[in-house]
$ cat entry.csv   # CSV, C-alpha atoms
chain,number,residue,atom,x,y,z
A,1,MET,CA,26.3,-3.0,11.4
A,2,SER,CA,29.5,-2.8,13.4
A,3,ARG,CA,29.5,-1.8,17.0
A,4,TRP,CA,30.9,1.6,18.0
A,5,VAL,CA,34.3,1.2,19.6
A,6,PRO,CA,35.5,4.2,21.7
A,7,PRO,CA,38.9,5.8,20.9
A,8,GLN,CA,41.7,4.7,23.2
A,9,ASP,CA,44.0,7.7,22.7
A,10,ARG,CA,41.9,10.3,24.6
A,11,ASP,CA,39.5,10.8,27.5
A,12,VAL,CA,35.9,10.0,26.7
A,13,TRP,CA,32.8,10.7,28.9
A,14,TRP,CA,29.2,9.8,28.7
A,15,GLY,CA,26.0,11.2,30.1
A,16,VAL,CA,24.2,9.2,32.8
A,17,ASN,CA,20.7,10.5,32.0
A,18,PRO,CA,19.2,11.0,28.5
A,19,ILE,CA,18.8,14.5,27.3
A,20,SER,CA,16.5,16.2,24.8
A,21,PRO,CA,17.3,15.4,21.1
A,22,SER,CA,17.2,19.2,20.5
A,23,VAL,CA,20.7,19.4,22.1
A,24,ALA,CA,23.0,19.2,19.1
A,25,ARG,CA,26.3,20.0,20.8
A,26,GLY,CA,27.7,20.0,24.3
A,27,ARG,CA,26.7,17.9,27.3
A,28,GLY,CA,23.4,19.7,27.9
A,29,THR,CA,22.2,21.1,31.1
A,30,GLU,CA,19.8,19.9,33.8
A,31,ALA,CA,16.9,21.5,32.0
A,32,ASP,CA,17.6,19.2,29.0
A,33,VAL,CA,17.3,16.0,31.0
A,34,THR,CA,14.2,14.0,30.0
A,35,ARG,CA,14.4,11.0,32.3
A,36,VAL,CA,16.4,10.1,35.4
A,37,ARG,CA,17.7,6.6,34.6
A,38,ALA,CA,20.3,6.3,37.4
A,39,VAL,CA,21.9,7.8,40.5
A,40,TRP,CA,25.6,7.5,41.1
A,41,ALA,CA,28.7,8.2,43.2
A,42,ASP,CA,32.1,9.4,42.2
A,43,LEU,CA,34.5,7.9,44.7
A,44,ASP,CA,38.1,9.0,44.3
A,45,VAL,CA,41.3,7.7,45.9
A,46,LYS,CA,43.1,10.9,46.9
A,47,ASP,CA,44.1,13.0,49.8
A,48,GLY,CA,41.1,14.2,51.7
A,49,SER,CA,38.9,11.6,50.2
A,50,LEU,CA,39.1,7.8,50.4
A,51,ALA,CA,42.4,6.1,51.1
A,52,SER,CA,42.1,3.1,48.9
A,53,MET,CA,40.0,1.2,46.3
A,54,GLU,CA,39.0,-1.2,49.1
A,55,ARG,CA,37.4,1.7,51.0
A,56,CYS,CA,35.6,2.8,47.8
A,57,TYR,CA,34.1,-0.7,47.5
A,58,ALA,CA,33.2,-0.5,51.2
A,59,VAL,CA,31.3,2.7,50.6
A,60,VAL,CA,29.3,0.9,47.9
A,61,GLU,CA,28.5,-1.9,50.3
A,62,VAL,CA,27.2,0.5,52.9
A,63,LEU,CA,25.1,2.3,50.3
A,64,SER,CA,23.8,-0.9,49.0
A,65,ARG,CA,22.7,-2.0,52.4
A,66,TRP,CA,21.0,1.3,53.1
A,67,VAL,CA,19.0,1.4,49.9
A,68,GLY,CA,18.4,-2.3,49.6
A,69,SER,CA,20.0,-2.9,46.2
A,70,GLU,CA,23.5,-3.4,44.8
A,71,PRO,CA,24.5,-1.1,42.0
A,72,SER,CA,23.7,-2.1,38.4
A,73,VAL,CA,27.1,-0.9,37.1
A,74,LEU,CA,30.5,-0.5,38.6
A,75,ILE,CA,33.1,1.6,36.8
A,76,GLU,CA,36.7,1.6,37.9
A,77,SER,CA,37.7,4.9,36.4
A,78,GLY,CA,41.4,4.5,36.8
A,79,HIS,CA,41.7,6.5,40.0
A,80,GLY,CA,38.5,5.6,41.8
A,81,LEU,CA,35.1,4.0,41.6
A,82,GLN,CA,31.9,5.1,40.0
A,83,PRO,CA,28.9,2.9,41.0
A,84,LEU,CA,25.5,3.5,39.4
A,85,TRP,CA,22.1,2.4,40.7
A,86,ARG,CA,19.4,2.1,38.1
A,87,VAL,CA,16.2,4.1,38.8
A,88,ARG,CA,13.2,2.0,38.0
A,89,SER,CA,10.2,3.5,36.2
A,90,SER,CA,6.7,2.2,36.7
A,91,ARG,CA,3.2,3.4,36.2
A,92,THR,CA,3.0,4.7,39.8
A,93,GLN,CA,6.5,6.0,40.0
A,94,PRO,CA,7.7,7.1,36.5
A,95,ASN,CA,11.2,8.4,36.1
A,96,ARG,CA,10.4,11.0,33.4
A,97,VAL,CA,11.0,14.7,34.0
A,98,ALA,CA,7.9,16.8,33.6
A,99,GLU,CA,7.7,20.5,32.9
A,100,HIS,CA,5.4,20.8,36.0
A,101,TRP,CA,3.6,18.4,38.3
A,102,GLN,CA,1.4,16.2,36.2
A,103,LEU,CA,-0.1,12.8,35.8
A,104,ASP,CA,1.3,10.6,33.1
A,105,GLY,CA,-2.1,9.2,32.1
A,106,SER,CA,-2.1,6.5,34.8
A,107,ALA,CA,-2.0,6.6,38.6
A,108,GLY,CA,1.6,7.9,38.5
A,109,GLU,CA,2.6,11.5,39.1
A,110,MET,CA,5.5,12.8,37.0
A,111,TRP,CA,8.0,14.9,38.9
A,112,PRO,CA,9.2,18.3,37.7
A,113,LEU,CA,12.9,19.1,37.4
A,114,GLN,CA,13.1,20.8,40.8
A,115,ARG,CA,11.8,17.7,42.6
A,116,TRP,CA,14.4,15.5,40.8
A,117,ARG,CA,17.1,18.0,41.8
A,118,GLU,CA,16.1,17.7,45.4
A,119,LEU,CA,16.1,13.9,45.1
A,120,CYS,CA,19.7,13.9,43.7
A,121,ALA,CA,20.8,16.4,46.4
A,122,GLY,CA,19.4,14.0,49.0
A,123,TRP,CA,21.2,11.1,47.3
A,124,GLY,CA,24.4,13.1,47.4
A,125,GLY,CA,24.0,13.5,51.2
A,126,LEU,CA,23.5,9.8,51.5
A,127,VAL,CA,26.8,9.1,49.5
A,128,ALA,CA,28.7,11.6,51.7
A,129,ALA,CA,27.3,9.9,54.9
A,130,ALA,CA,28.3,6.5,53.6
A,131,ALA,CA,31.9,7.7,52.9
A,132,ASP,CA,32.1,9.2,56.4
A,133,HIS,CA,30.8,5.9,57.8
A,134,VAL,CA,33.6,4.0,56.2
A,135,GLN,CA,36.4,6.5,56.7
A,136,ALA,CA,35.7,9.3,59.2
A,137,GLY,CA,36.2,12.7,57.6
A,138,ALA,CA,36.4,11.4,54.1
A,139,ARG,CA,34.9,13.8,51.5
A,140,VAL,CA,33.3,12.9,48.2
A,141,ASP,CA,32.9,15.2,45.2
A,142,SER,CA,29.5,16.9,45.0
A,143,VAL,CA,28.7,15.8,41.4
A,144,PHE,CA,25.0,15.1,41.6
A,145,ASP,CA,23.6,17.5,38.9
A,146,LEU,CA,21.3,15.5,36.6
A,147,SER,CA,23.3,16.2,33.5
A,148,HIS,CA,26.6,14.9,35.0
A,149,ILE,CA,29.0,13.0,32.8
A,150,LEU,CA,31.2,10.0,33.9
A,151,ARG,CA,34.1,8.1,32.4
A,152,CYS,CA,33.0,6.1,29.4
A,153,PRO,CA,33.3,2.3,29.8
A,154,GLY,CA,35.8,0.7,27.5
A,155,THR,CA,38.0,3.7,27.3
A,156,VAL,CA,41.3,4.8,28.8
A,157,ASN,CA,41.8,7.4,31.5
A,158,HIS,CA,44.6,9.9,30.4
A,159,LYS,CA,44.3,12.2,33.4
A,160,GLN,CA,48.0,11.4,34.2
A,161,ILE,CA,49.5,11.7,30.8
A,162,ASP,CA,52.5,9.4,31.5
A,163,ARG,CA,50.3,6.8,33.3
A,164,PRO,CA,47.2,6.0,31.2
A,165,VAL,CA,44.8,3.6,32.9
A,166,ALA,CA,42.1,1.4,31.4
A,167,VAL,CA,38.5,2.2,32.5
A,168,ARG,CA,37.1,-1.2,33.6
A,169,THR,CA,33.4,-2.0,34.0
A,170,ALA,CA,31.3,-4.7,35.6
A,171,LEU,CA,27.6,-5.1,35.0
A,172,ASN,CA,25.1,-6.5,37.5
A,173,PRO,CA,21.9,-7.1,35.6
A,174,ALA,CA,20.4,-8.9,38.6
A,175,ALA,CA,20.4,-5.8,40.7
A,176,PRO,CA,16.8,-4.7,41.3
A,177,GLY,CA,17.5,-1.0,41.1
A,178,LEU,CA,15.8,1.8,43.1
A,179,THR,CA,12.5,3.6,42.9
A,180,ARG,CA,12.3,7.3,43.6
A,181,LEU,CA,10.3,6.6,46.7
A,182,GLY,CA,12.9,4.1,47.9
A,183,ILE,CA,15.6,6.8,47.6
A,184,VAL,CA,13.4,9.3,49.4
A,185,ASN,CA,12.9,6.8,52.3
A,186,ALA,CA,16.6,6.0,52.5
A,187,VAL,CA,17.5,9.7,52.7
A,188,ALA,CA,14.8,10.2,55.4
A,189,GLU,CA,16.0,7.2,57.4
A,190,ARG,CA,19.5,8.6,57.6
A,191,ALA,CA,18.1,12.1,58.5
A,192,ILE,CA,19.7,13.7,55.5
A,193,VAL,CA,18.4,17.3,55.3
A,194,VAL,CA,17.6,18.6,51.8
A,195,ALA,CA,16.9,22.3,51.2
A,196,PRO,CA,13.8,22.7,49.1
A,197,THR,CA,15.1,25.6,47.1
A,198,ALA,CA,17.0,25.5,43.8
A,199,PRO,CA,20.8,25.7,44.0
A,200,THR,CA,22.1,29.2,43.8
A,201,MET,CA,24.5,30.1,41.0
A,202,ARG,CA,27.7,32.0,41.6
A,203,SER,CA,28.3,35.1,39.6
A,204,VAL,CA,31.2,37.3,38.4
A,205,PRO,CA,30.8,41.1,38.6
A,206,THR,CA,30.2,42.2,35.0
A,207,ALA,CA,29.9,45.7,33.5
A,208,PRO,CA,27.3,46.3,30.8
A,209,ARG,CA,29.9,46.7,28.1
A,210,GLU,CA,31.7,43.5,29.3
A,211,ALA,CA,28.4,41.6,29.1
A,212,TRP,CA,28.0,42.3,25.4
A,213,GLU,CA,31.6,41.7,24.6
A,214,TRP,CA,31.2,38.3,26.3
A,215,VAL,CA,28.0,37.6,24.2
A,216,HIS,CA,29.7,38.2,20.9
A,217,ALA,CA,32.8,36.3,21.9
A,218,GLN,CA,30.8,33.0,22.3
A,219,HIS,CA,31.1,30.3,19.7
A,220,GLY,CA,28.8,31.1,16.8
A,221,ALA,CA,27.2,34.0,18.7
A,222,ASP,CA,26.4,35.9,15.5
A,223,ALA,CA,24.9,33.0,13.6
A,224,VAL,CA,21.7,33.7,11.6
A,225,TRP,CA,18.5,31.7,12.2
A,226,ASP,CA,19.4,28.9,9.8
A,227,GLU,CA,22.8,28.5,11.4
A,228,MET,CA,21.5,28.6,15.0
A,229,SER,CA,21.7,25.4,17.0
A,230,PRO,CA,18.3,23.6,17.1
A,231,ALA,CA,18.3,23.7,20.9
A,232,MET,CA,18.7,27.5,20.8
A,233,GLN,CA,15.9,27.8,18.3
A,234,THR,CA,13.6,25.8,20.5
A,235,LEU,CA,14.2,28.4,23.3
A,236,VAL,CA,13.2,31.4,21.2
A,237,MET,CA,10.4,30.2,18.8
A,238,TYR,CA,8.7,33.6,18.6
A,239,PRO,CA,5.0,32.9,19.1
A,240,GLY,CA,5.6,30.6,22.0
A,241,LEU,CA,8.1,33.1,23.5
A,242,VAL,CA,5.6,35.9,23.4
A,243,GLU,CA,3.0,33.6,25.1
A,244,LEU,CA,5.5,32.5,27.8
A,245,ILE,CA,6.4,36.1,28.7
A,246,ALA,CA,2.8,37.2,28.7
A,247,GLN,CA,1.8,34.4,31.0
A,248,GLY,CA,4.9,34.2,33.2
A,249,THR,CA,6.3,31.1,34.9
A,250,GLU,CA,4.7,28.7,37.3
A,251,ASP,CA,6.5,30.1,40.3
A,252,ASP,CA,6.3,33.7,39.2
A,253,PRO,CA,3.6,35.0,36.9
A,254,SER,CA,5.3,38.2,36.0
A,255,ALA,CA,6.5,38.9,32.4
A,256,HIS,CA,9.8,40.2,33.9
A,257,ALA,CA,10.5,36.9,35.6
A,258,ALA,CA,9.8,34.9,32.5
A,259,MET,CA,12.0,37.1,30.3
A,260,THR,CA,14.8,37.0,32.8
A,261,LYS,CA,14.7,33.2,33.0
A,262,ARG,CA,14.7,32.8,29.3
A,263,VAL,CA,17.6,35.2,28.9
A,264,LEU,CA,19.6,33.1,31.4
A,265,ALA,CA,18.6,29.9,29.5
A,266,VAL,CA,20.0,31.1,26.2
A,267,VAL,CA,23.1,32.5,27.8
A,268,LEU,CA,23.8,29.2,29.5
A,269,ALA,CA,23.1,27.3,26.3
A,270,ALA,CA,25.8,29.3,24.6
A,271,THR,CA,28.3,28.1,27.2
A,272,GLU,CA,27.5,24.6,26.1
A,273,GLY,CA,28.6,25.5,22.5
A,274,ARG,CA,25.1,26.3,21.0
A,275,THR,CA,25.2,28.9,18.3
A,276,GLY,CA,23.1,32.0,17.7
A,277,LEU,CA,23.2,33.7,21.1
A,278,ALA,CA,23.0,37.3,19.8
A,279,LEU,CA,19.9,36.6,17.7
A,280,ALA,CA,18.3,34.6,20.5
A,281,LEU,CA,18.7,37.6,22.9
A,282,GLU,CA,17.3,40.0,20.3
A,283,MET,CA,14.3,37.8,19.8
A,284,ILE,CA,13.7,37.8,23.6
A,285,ARG,CA,14.0,41.5,23.7
A,286,GLN,CA,11.5,42.0,20.9
A,287,ALA,CA,9.1,39.5,22.5
A,288,TYR,CA,9.3,41.3,25.8
A,289,LEU,CA,8.7,44.7,24.2
A,290,GLU,CA,5.8,43.3,22.2
A,291,VAL,CA,4.1,42.0,25.4
A,292,MET,CA,4.5,45.4,26.9
A,293,ASP,CA,3.2,47.2,23.8
A,294,ARG,CA,0.1,44.9,23.8
A,295,ARG,CA,-0.5,45.5,27.5
A,296,ARG,CA,-0.4,49.3,27.0
A,297,ALA,CA,-2.9,48.8,24.2
A,298,GLY,CA,-5.2,46.8,26.4
A,299,GLU,CA,-4.8,43.6,24.3
A,300,LEU,CA,-3.1,41.7,27.2
A,301,PRO,CA,-3.7,41.8,30.9
A,302,GLY,CA,-0.9,42.7,33.4
A,303,GLU,CA,1.5,45.5,34.3
A,304,ALA,CA,2.3,47.6,31.2
A,305,ARG,CA,5.8,49.0,31.5
A,306,THR,CA,7.1,51.8,29.2
A,307,GLU,CA,9.4,50.9,26.3
A,308,SER,CA,12.4,52.5,28.1
A,309,VAL,CA,11.7,50.7,31.3
A,310,ALA,CA,11.2,47.3,29.6
A,311,THR,CA,14.4,47.9,27.6
A,312,ALA,CA,16.4,48.6,30.8
A,313,ASP,CA,14.8,45.4,32.3
A,314,PHE,CA,16.1,43.4,29.4
A,315,TYR,CA,19.7,44.7,29.5
A,316,ARG,CA,19.9,44.1,33.2
A,317,ALA,CA,18.8,40.5,32.6
A,318,VAL,CA,21.5,40.0,30.1
A,319,ARG,CA,24.1,41.5,32.4
A,320,GLY,CA,23.0,39.2,35.3
A,321,ALA,CA,22.9,36.1,33.1
A,322,VAL,CA,26.4,36.8,31.8
A,323,SER,CA,27.6,37.3,35.3
A,324,LYS,CA,26.4,33.8,36.2
A,325,ALA,CA,27.7,32.2,33.0
A,326,ARG,CA,31.2,33.6,33.6
A,327,ALA,CA,31.3,31.8,36.9
A,328,ARG,CA,30.7,28.4,35.2
A,329,PRO,CA,33.7,26.1,34.6
A,330,VAL,CA,35.0,26.3,31.1
A,331,LEU,CA,34.2,23.1,29.2
A,332,SER,CA,36.9,21.1,27.6
A,333,VAL,CA,36.8,20.4,23.8
A,334,GLU,CA,35.7,16.8,24.5
A,335,GLU,CA,32.8,18.0,26.7
A,336,ARG,CA,31.7,20.6,24.2
A,337,ALA,CA,31.7,17.9,21.5
A,338,TYR,CA,29.6,15.5,23.5
A,339,GLY,CA,26.5,14.6,21.5
A,340,THR,CA,23.2,13.0,22.1
A,341,SER,CA,23.4,9.8,20.1
A,342,PRO,CA,23.2,6.7,22.2
A,343,LEU,CA,26.6,5.1,22.6
A,344,ARG,CA,27.2,1.3,22.1
A,345,VAL,CA,30.3,0.6,24.2
A,346,THR,CA,32.5,-2.4,24.7
A,347,LEU,CA,32.4,-3.3,28.4
A,348,ALA,CA,35.3,-5.0,30.0
A,349,ALA,CA,34.5,-7.3,32.9
A,350,ARG,CA,36.1,-6.5,36.2
A,351,GLY,CA,39.0,-8.7,36.8

$ encode --input "entry.csv" --output "structure tokens"
Amino acid sequence: MSRWVPPQDRDVWWGVNPISPSVARGRGTEADVTRVRAVWADLDVKDGSLASMERCYAVVEVLSRWVGSEPSVLIESGHGLQPLWRVRSSRTQPNRVAEHWQLDGSAGEMWPLQRWRELCAGWGGLVAAAADHVQAGARVDSVFDLSHILRCPGTVNHKQIDRPVAVRTALNPAAPGLTRLGIVNAVAERAIVVAPTAPTMRSVPTAPREAWEWVHAQHGADAVWDEMSPAMQTLVMYPGLVELIAQGTEDDPSAHAAMTKRVLAVVLAATEGRTGLALALEMIRQAYLEVMDRRRAGELPGEARTESVATADFYRAVRGAVSKARARPVLSVEERAYGTSPLRVTLAARG
């Protein structure tokens, strides 16, 4: 079986952390990440950031000293440096992402998505502090979302069309890597303050009619069930959807909160190229109304809203979700096409 060789005539990216196999298209979102395999930095040589590749390497040296490990991978992206530190997984400190706080069957406690977000936010603060330590006032890009993508090793950077640059990579298999506790301690030692709340999403003011026009303008929005992306189907499997809405979420037990969050999830999934948005929204609407019908009939506990109030709830949720989705960056064709199959890449040694 021949090894996959990446194309050299276009920009190619890869995802740092593995995502759910249910994601058939697009890069996935943080909610799709199943395991945190690495933390990274994206150090650019440009105005306002670092002045040279030497200073990029100096930042890596500072970070390595602070966390007690050299990076496992160094990628010269063509216009900067992208170091990656492997996140070790053990029975006591697993690197898997759980749906909620839970034990993995041993002495280790699996962290939920929000806790990993906070860890990566702290790591981002550590990278920024290291850059400022090397070059006062230097800024680094805040690219520490768990589903982030980087330049693929073995490819060519075509950012400047008339000056393509090879992406060079060096591996350091002897690097011990980091534990999640080691990262937490390094962040604490440097007094990096991490807000415990989830990052807020920007929004674009959206009228009700605009919201539905946006919904139907998405790729494959009107697909029927058999044409719907598997990842979208997973979000709206009807029996589980009714149960989710009836029980609420871990941080808010109300049916309204669960419905609103699931509406946002399918709308954001559509921005990643997943088909079937219109049907997915209709299934959420029906599930929410069914929960309210059963509450009015005394079959389920909880607040029983009238059909008209529940319907208004749903349409407000759609409008709010679309407002947030419209504020997201538009993905390139390459990013939308990014799949989930593991890539076998040809790595060029750093010269």

$ closest_residue --input "entry.csv" --among "A:Asp9, A:Ser323, A:Ala223, A:Leu300" --to "Gly154 (chain A)" --atoms "only C-alpha atoms"
A:Asp9

$ atom_distance --input "entry.csv" --atom1 "CA of Ala231 (chain A)" --atom2 "CA of Tyr288 (chain A)"
20.4 Å

$ residues_around --input "entry.csv" --residues "region 178-181 of chain A" --least-positions-apart "4" --cutoff "12 Å" --atoms "all atoms listed in the file" --output "PyMOL selection string"
chain A and resi 36-40+63-64+66-72+84-96+108-111+115-120+122-123+185-188

$ atom_distance --input "entry.csv" --atom1 "CA of Ser49 (chain A)" --atom2 "CA of Val143 (chain A)"
14.1 Å

$ atom_distance --input "entry.csv" --atom1 "CA of Gly15 (chain A)" --atom2 "CA of Ala325 (chain A)"
21.3 Å

$ residues_around --input "entry.csv" --residues "Thr34 (chain A)" --least-positions-apart "4" --cutoff "9 Å" --atoms "only C-alpha atoms" --output "PyMOL selection string"
chain A and resi 17-20+30+95-98

$ closest_residue --input "entry.csv" --among "A:Ala221, A:Ala317, A:Ala287, A:Ala138" --to "Pro239 (chain A)" --atoms "all atoms listed in the file"
A:Ala287

$ closest_residue --input "entry.csv" --among "A:Leu74, A:Val165, A:Ile245, A:Ala207" --to "Pro301 (chain A)" --atoms "all atoms listed in the file"
A:Ile245

$ residues_around --input "entry.csv" --residues "region 208-215 of chain A" --least-positions-apart "2" --cutoff "6 Å" --atoms "all atoms listed in the file" --output "ChimeraX atom specification"
/A:217-218,319,322

$ decode --input "entry.csv" --residues "region 50-82 of chain A" --atoms "N, CA and C atoms" --output "PDB file, in the first residue's frame"
ATOM      1  N   LEU A  50       6.664  38.712  15.856  1.00  0.00           N
ATOM      2  CA  LEU A  50       8.100  38.483  16.052  1.00  0.00           C
ATOM      3  C   LEU A  50       8.904  38.946  14.847  1.00  0.00           C
ATOM      4  N   ALA A  51      10.114  39.421  15.104  1.00  0.00           N
ATOM      5  CA  ALA A  51      10.889  40.087  14.057  1.00  0.00           C
ATOM      6  C   ALA A  51      11.661  39.128  13.170  1.00  0.00           C
ATOM      7  N   SER A  52      11.881  37.880  13.621  1.00  0.00           N
ATOM      8  CA  SER A  52      12.712  36.961  12.838  1.00  0.00           C
ATOM      9  C   SER A  52      12.444  35.526  13.261  1.00  0.00           C
ATOM     10  N   MET A  53      12.915  34.588  12.433  1.00  0.00           N
ATOM     11  CA  MET A  53      12.798  33.172  12.780  1.00  0.00           C
ATOM     12  C   MET A  53      13.626  32.864  14.023  1.00  0.00           C
ATOM     13  N   GLU A  54      14.747  33.564  14.184  1.00  0.00           N
ATOM     14  CA  GLU A  54      15.573  33.344  15.379  1.00  0.00           C
ATOM     15  C   GLU A  54      14.766  33.636  16.642  1.00  0.00           C
ATOM     16  N   ARG A  55      13.964  34.686  16.611  1.00  0.00           N
ATOM     17  CA  ARG A  55      13.155  35.013  17.785  1.00  0.00           C
ATOM     18  C   ARG A  55      12.012  34.012  17.956  1.00  0.00           C
ATOM     19  N   CYS A  56      11.500  33.479  16.861  1.00  0.00           N
ATOM     20  CA  CYS A  56      10.498  32.416  16.977  1.00  0.00           C
ATOM     21  C   CYS A  56      11.083  31.219  17.713  1.00  0.00           C
ATOM     22  N   TYR A  57      12.303  30.829  17.340  1.00  0.00           N
ATOM     23  CA  TYR A  57      12.961  29.708  18.008  1.00  0.00           C
ATOM     24  C   TYR A  57      13.284  30.062  19.457  1.00  0.00           C
ATOM     25  N   ALA A  58      13.566  31.324  19.713  1.00  0.00           N
ATOM     26  CA  ALA A  58      13.833  31.744  21.094  1.00  0.00           C
ATOM     27  C   ALA A  58      12.574  31.599  21.957  1.00  0.00           C
ATOM     28  N   VAL A  59      11.410  31.899  21.380  1.00  0.00           N
ATOM     29  CA  VAL A  59      10.150  31.716  22.114  1.00  0.00           C
ATOM     30  C   VAL A  59       9.961  30.239  22.459  1.00  0.00           C
ATOM     31  N   VAL A  60      10.280  29.372  21.509  1.00  0.00           N
ATOM     32  CA  VAL A  60      10.158  27.925  21.754  1.00  0.00           C
ATOM     33  C   VAL A  60      11.091  27.500  22.890  1.00  0.00           C
ATOM     34  N   GLU A  61      12.288  28.043  22.913  1.00  0.00           N
ATOM     35  CA  GLU A  61      13.231  27.709  23.988  1.00  0.00           C
ATOM     36  C   GLU A  61      12.700  28.159  25.350  1.00  0.00           C
ATOM     37  N   VAL A  62      12.107  29.351  25.396  1.00  0.00           N
ATOM     38  CA  VAL A  62      11.553  29.854  26.658  1.00  0.00           C
ATOM     39  C   VAL A  62      10.404  28.966  27.112  1.00  0.00           C
ATOM     40  N   LEU A  63       9.488  28.648  26.196  1.00  0.00           N
ATOM     41  CA  LEU A  63       8.360  27.790  26.537  1.00  0.00           C
ATOM     42  C   LEU A  63       8.830  26.418  27.010  1.00  0.00           C
ATOM     43  N   SER A  64       9.829  25.887  26.334  1.00  0.00           N
ATOM     44  CA  SER A  64      10.362  24.567  26.696  1.00  0.00           C
ATOM     45  C   SER A  64      10.928  24.584  28.110  1.00  0.00           C
ATOM     46  N   ARG A  65      11.585  25.675  28.448  1.00  0.00           N
ATOM     47  CA  ARG A  65      12.147  25.797  29.798  1.00  0.00           C
ATOM     48  C   ARG A  65      11.038  25.908  30.836  1.00  0.00           C
ATOM     49  N   TRP A  66       9.996  26.661  30.523  1.00  0.00           N
ATOM     50  CA  TRP A  66       8.911  26.850  31.474  1.00  0.00           C
ATOM     51  C   TRP A  66       8.111  25.576  31.720  1.00  0.00           C
ATOM     52  N   VAL A  67       7.913  24.766  30.679  1.00  0.00           N
ATOM     53  CA  VAL A  67       7.066  23.573  30.833  1.00  0.00           C
ATOM     54  C   VAL A  67       7.876  22.301  31.051  1.00  0.00           C
ATOM     55  N   GLY A  68       9.213  22.390  30.909  1.00  0.00           N
ATOM     56  CA  GLY A  68      10.056  21.235  31.184  1.00  0.00           C
ATOM     57  C   GLY A  68      10.110  20.201  30.079  1.00  0.00           C
ATOM     58  N   SER A  69       9.806  20.593  28.853  1.00  0.00           N
ATOM     59  CA  SER A  69       9.884  19.661  27.725  1.00  0.00           C
ATOM     60  C   SER A  69      10.043  20.435  26.430  1.00  0.00           C
ATOM     61  N   GLU A  70      10.896  19.914  25.548  1.00  0.00           N
ATOM     62  CA  GLU A  70      10.971  20.469  24.201  1.00  0.00           C
ATOM     63  C   GLU A  70       9.755  20.017  23.405  1.00  0.00           C
ATOM     64  N   PRO A  71       9.423  20.727  22.336  1.00  0.00           N
ATOM     65  CA  PRO A  71       8.284  20.302  21.514  1.00  0.00           C
ATOM     66  C   PRO A  71       8.574  18.978  20.806  1.00  0.00           C
ATOM     67  N   SER A  72       7.535  18.231  20.526  1.00  0.00           N
ATOM     68  CA  SER A  72       7.677  16.968  19.806  1.00  0.00           C
ATOM     69  C   SER A  72       7.795  17.182  18.304  1.00  0.00           C
ATOM     70  N   VAL A  73       7.249  18.297  17.821  1.00  0.00           N
ATOM     71  CA  VAL A  73       7.257  18.610  16.387  1.00  0.00           C
ATOM     72  C   VAL A  73       7.535  20.096  16.207  1.00  0.00           C
ATOM     73  N   LEU A  74       8.338  20.414  15.208  1.00  0.00           N
ATOM     74  CA  LEU A  74       8.568  21.805  14.806  1.00  0.00           C
ATOM     75  C   LEU A  74       8.253  21.920  13.320  1.00  0.00           C
ATOM     76  N   ILE A  75       7.321  22.802  12.996  1.00  0.00           N
ATOM     77  CA  ILE A  75       6.938  23.005  11.603  1.00  0.00           C
ATOM     78  C   ILE A  75       7.303  24.426  11.197  1.00  0.00           C
ATOM     79  N   GLU A  76       8.200  24.557  10.233  1.00  0.00           N
ATOM     80  CA  GLU A  76       8.481  25.862   9.634  1.00  0.00           C
ATOM     81  C   GLU A  76       7.459  26.054   8.525  1.00  0.00           C
ATOM     82  N   SER A  77       6.490  26.906   8.788  1.00  0.00           N
ATOM     83  CA  SER A  77       5.337  27.022   7.901  1.00  0.00           C
ATOM     84  C   SER A  77       5.610  27.793   6.620  1.00  0.00           C
ATOM     85  N   GLY A  78       6.759  28.400   6.533  1.00  0.00           N
ATOM     86  CA  GLY A  78       7.082  29.226   5.371  1.00  0.00           C
ATOM     87  C   GLY A  78       7.185  30.690   5.735  1.00  0.00           C
ATOM     88  N   HIS A  79       6.424  31.101   6.745  1.00  0.00           N
ATOM     89  CA  HIS A  79       6.455  32.499   7.204  1.00  0.00           C
ATOM     90  C   HIS A  79       6.467  32.564   8.731  1.00  0.00           C
ATOM     91  N   GLY A  80       6.842  31.458   9.347  1.00  0.00           N
ATOM     92  CA  GLY A  80       6.873  31.424  10.799  1.00  0.00           C
ATOM     93  C   GLY A  80       7.150  30.018  11.301  1.00  0.00           C
ATOM     94  N   LEU A  81       6.833  29.793  12.562  1.00  0.00           N
ATOM     95  CA  LEU A  81       7.158  28.522  13.217  1.00  0.00           C
ATOM     96  C   LEU A  81       5.947  28.025  14.002  1.00  0.00           C
ATOM     97  N   GLN A  82       5.671  26.727  13.883  1.00  0.00           N
ATOM     98  CA  GLN A  82       4.544  26.119  14.579  1.00  0.00           C
ATOM     99  C   GLN A  82       5.049  24.920  15.399  1.00  0.00           C
TER     100      GLN A  82
END
